[in-house]
Amino acid sequence: MEANIAVSSEKKSTWGGGGVRPFGASYGKMMMWFFIVSDALTFSGFLAAYGLTRFKFIDSWPIADEVFTHIPFIHGEFPMYYVAFMTFILIFSSVTMVLAVDAGHNMNKKKVTWYMFATIIGGLIFVGSQAWEWNTFIKGSYGAVKTTDGKILQFVNNEGKQIALSDFVVGERGDHLVEHSNKNGLWFESGETVSQYSIPQIINSYNANSEIQVRIEKIDLETKKKIILSREDGAAELAKTKLIVEGANLEVNEYGNTIFADFFFFITGFHGFHVFSGIVINIIIFFNVILGTYERRGHYEMVEKVGLYWHFVDLVWVFVFTFFYLV
């Protein structure tokens with residue numbers, strides 16, 4: 001009698017035996033929730049660090065409307081348009097995932113297949129768009145110079161609109177460049193990418209064109225615009241130039257504070273890795289649906305579990321989008 005009571009008690013206290021399930025969830029869904037909570041804490045730490053750093057350098061932080069202005073295959077300035085499109089696609093993929101989960105509850109294999117396929121396509125478009133955005137950010141749009149005291153100097157026309165180095169720099173570099181390759185017996189080992197312009201060439205072009213002015217990375221907190229120097233002050237700052245900056249990486253950033261680029265690459269890259277992982281998992285589940293694996297099991301819980309993960313990465317992007325692009 002005592003042995004039977006002990007066995008019965010052991011079954012009830014064992015998860016997966018005796019039918020006792022916390023919150024009525026299966027083991028798989030509970031583990032997915034544990035992962036989501038722990039990952040949410042990680043993203044929260046990253047975004048909190050970003051927010052504190054931005055507050056510290058609020059007077060020199062790049063303006064998102066001046067950084068993310070491009071659309072693939074279209075020339076012009078369209079602030080935030082493509083980022084908004086990316087966000088819409090990812091949110092819409094979350095909707096198709098909801099529909100896939102609902103179809104799974106109704107044991108409708110055909111609808112689960114099509115909605116999973118739409119979710120995968122949406123994820124691929126988002127990741128591809130993020131890769132394009134990275135490439136555009138790395139290459140840069142205008143070019144700038146960095147002074148010996150670490151300032152980033154940009155160039156604007158007489159209307160205050162930022163212009164590229166190619167819009168006003170003229171003449172020859174004034175120095176001789178040798179491309180290191182195996183053809184001339186020289187091997188490239190390390191070093192920075194060489195600009196097609198030289199520092200004297202930029203300074204001489206600036207001095208020769210009275211319509212060009214220098215804009216520093218500091219922001220006028222009243223007008224929310226970067227400060228434009230007088231011609232004289234601009235020439236004085238240019239005289240301290242030590243480096244030509246074209247694009248952004250972990251060391252320099254033509255748009256302003258380098259820490260902005262560091263956070264951008266790290267946080268959006270970390271999120272992009274999550275989306276890519278979700279796509280891979282979705283593809284695996286998609287083929288299992290086609291093969292009838294979940295029909296034979298009698299439920300589509302795997303679709304629901306991967307759906308929880310997909311909704312999580314979508315929700316995280318809403319916060320990333322808000323922090324980086326809107327605030």
# chains A, B, ... in the order shown; residues from 1 in each chain; ligands from 1
$ select_by_dssp --residues "stretch 135-322 of chain A" --states "helix (DSSP H, G or I)" --output "ChimeraX atom specification"
/A:135-139,165-167,199-208,231-238,258-291,293-297,301-322
$ residues_around --residues "A:Gly171" --least-positions-apart "4" --cutoff "10 Å" --atoms "only C-alpha atoms" --output "tab-separated table (two decimals) with all heavy atoms, in the first residue's frame"
chain	number	residue	atom	x	y	z
A	197	TYR	N	40.82	60.22	-53.20
A	197	TYR	CA	41.19	61.62	-53.00
A	197	TYR	C	42.33	61.70	-51.98
A	197	TYR	O	42.55	60.79	-51.20
A	197	TYR	CB	40.00	62.44	-52.49
A	197	TYR	CG	38.75	62.29	-53.32
A	197	TYR	CD1	37.64	61.60	-52.83
A	197	TYR	CD2	38.68	62.84	-54.60
A	197	TYR	CE1	36.49	61.46	-53.59
A	197	TYR	CE2	37.53	62.70	-55.38
A	197	TYR	CZ	36.45	62.01	-54.86
A	197	TYR	OH	35.32	61.87	-55.62
A	201	GLN	N	44.18	67.63	-51.79
A	201	GLN	CA	43.22	67.80	-52.87
A	201	GLN	C	41.87	68.29	-52.34
A	201	GLN	O	41.25	69.18	-52.92
A	201	GLN	CB	43.05	66.47	-53.60
A	201	GLN	CG	42.16	66.53	-54.84
A	201	GLN	CD	41.99	65.16	-55.47
A	201	GLN	OE1	42.48	64.15	-54.94
A	201	GLN	NE2	41.30	65.11	-56.58
A	202	ILE	N	41.41	67.72	-51.22
A	202	ILE	CA	40.14	68.15	-50.62
A	202	ILE	C	40.24	69.57	-50.11
A	202	ILE	O	39.34	70.40	-50.32
A	202	ILE	CB	39.74	67.17	-49.49
A	202	ILE	CG1	39.41	65.80	-50.07
A	202	ILE	CG2	38.55	67.72	-48.70
A	202	ILE	CD1	39.12	64.74	-49.03
A	204	ASN	N	42.31	71.99	-51.04
A	204	ASN	CA	42.42	72.94	-52.15
A	204	ASN	C	41.08	73.13	-52.85
A	204	ASN	O	40.73	74.26	-53.25
A	204	ASN	CB	43.46	72.44	-53.16
A	204	ASN	CG	44.87	72.49	-52.60
A	204	ASN	OD1	45.16	73.27	-51.69
A	204	ASN	ND2	45.76	71.66	-53.12
A	205	SER	N	40.31	72.06	-52.99
A	205	SER	CA	38.99	72.16	-53.63
A	205	SER	C	38.03	72.98	-52.76
A	205	SER	O	37.22	73.75	-53.28
A	205	SER	CB	38.42	70.76	-53.88
A	205	SER	OG	39.24	70.02	-54.76
$ closest_residue --among "A:Val101, A:Leu291, A:Val67, A:Val318" --to "A:Glu304" --atoms "only C-alpha atoms"
A:Val101
$ residues_around --residues "A:Ile279" --least-positions-apart "2" --cutoff "10 Å" --atoms "only C-alpha atoms" --output "VMD selection string"
chain A and resid 119 to 124 127 273 to 277 281 to 285 306 310
$ residues_around --residues "A:Glu217" --least-positions-apart "4" --cutoff "10 Å" --atoms "only C-alpha atoms" --output "list in words"
Asp59, Ser60, Trp61, Pro62, Ile63, Lys151, Ile152, Leu153, Gln154, Lys225, Lys226, Ile227, Ile228, Glu254, Tyr255, Gly256 and Asn257 of chain A
$ atom_distance --atom1 "atom CA of A:Asp314" --atom2 "atom CA of A:Phe287"
22.6 Å
$ residues_around --residues "A:Phe85" --least-positions-apart "6" --cutoff "12 Å" --atoms "only C-alpha atoms" --output "count of residues only"
13
$ atom_distance --atom1 "atom CA of A:Ser93" --atom2 "atom CA of A:Ser38"
23.4 Å
$ residues_around --residues "A:Glu251" --least-positions-apart "3" --cutoff "10 Å" --atoms "only C-alpha atoms" --output "list of chain:residue names"
A:Ala248, A:Asn257, A:Thr258, A:Ile259, A:Ala261, A:Asp262
$ closest_residue --among "A:Met116, A:Phe265, A:Gly234, A:His311" --to "A:Ala103" --atoms "only C-alpha atoms"
A:Met116
$ select_by_dssp --residues "stretch 180-325 of chain A" --states "strand (DSSP E or B)" --output "list of chain:residue names"
A:Gln213, A:Val214, A:Arg215, A:Ile216, A:Glu217, A:Lys218, A:Ile219, A:Asp220, A:Lys225, A:Lys226, A:Ile227, A:Ile228, A:Thr241, A:Lys242, A:Leu243, A:Ile244, A:Val245, A:Ala248, A:Asn253
$ closest_residue --among "A:Phe155, A:Trp317, A:Lys224, A:Asn106" --to "A:Ile58" --atoms "only C-alpha atoms"
A:Lys224
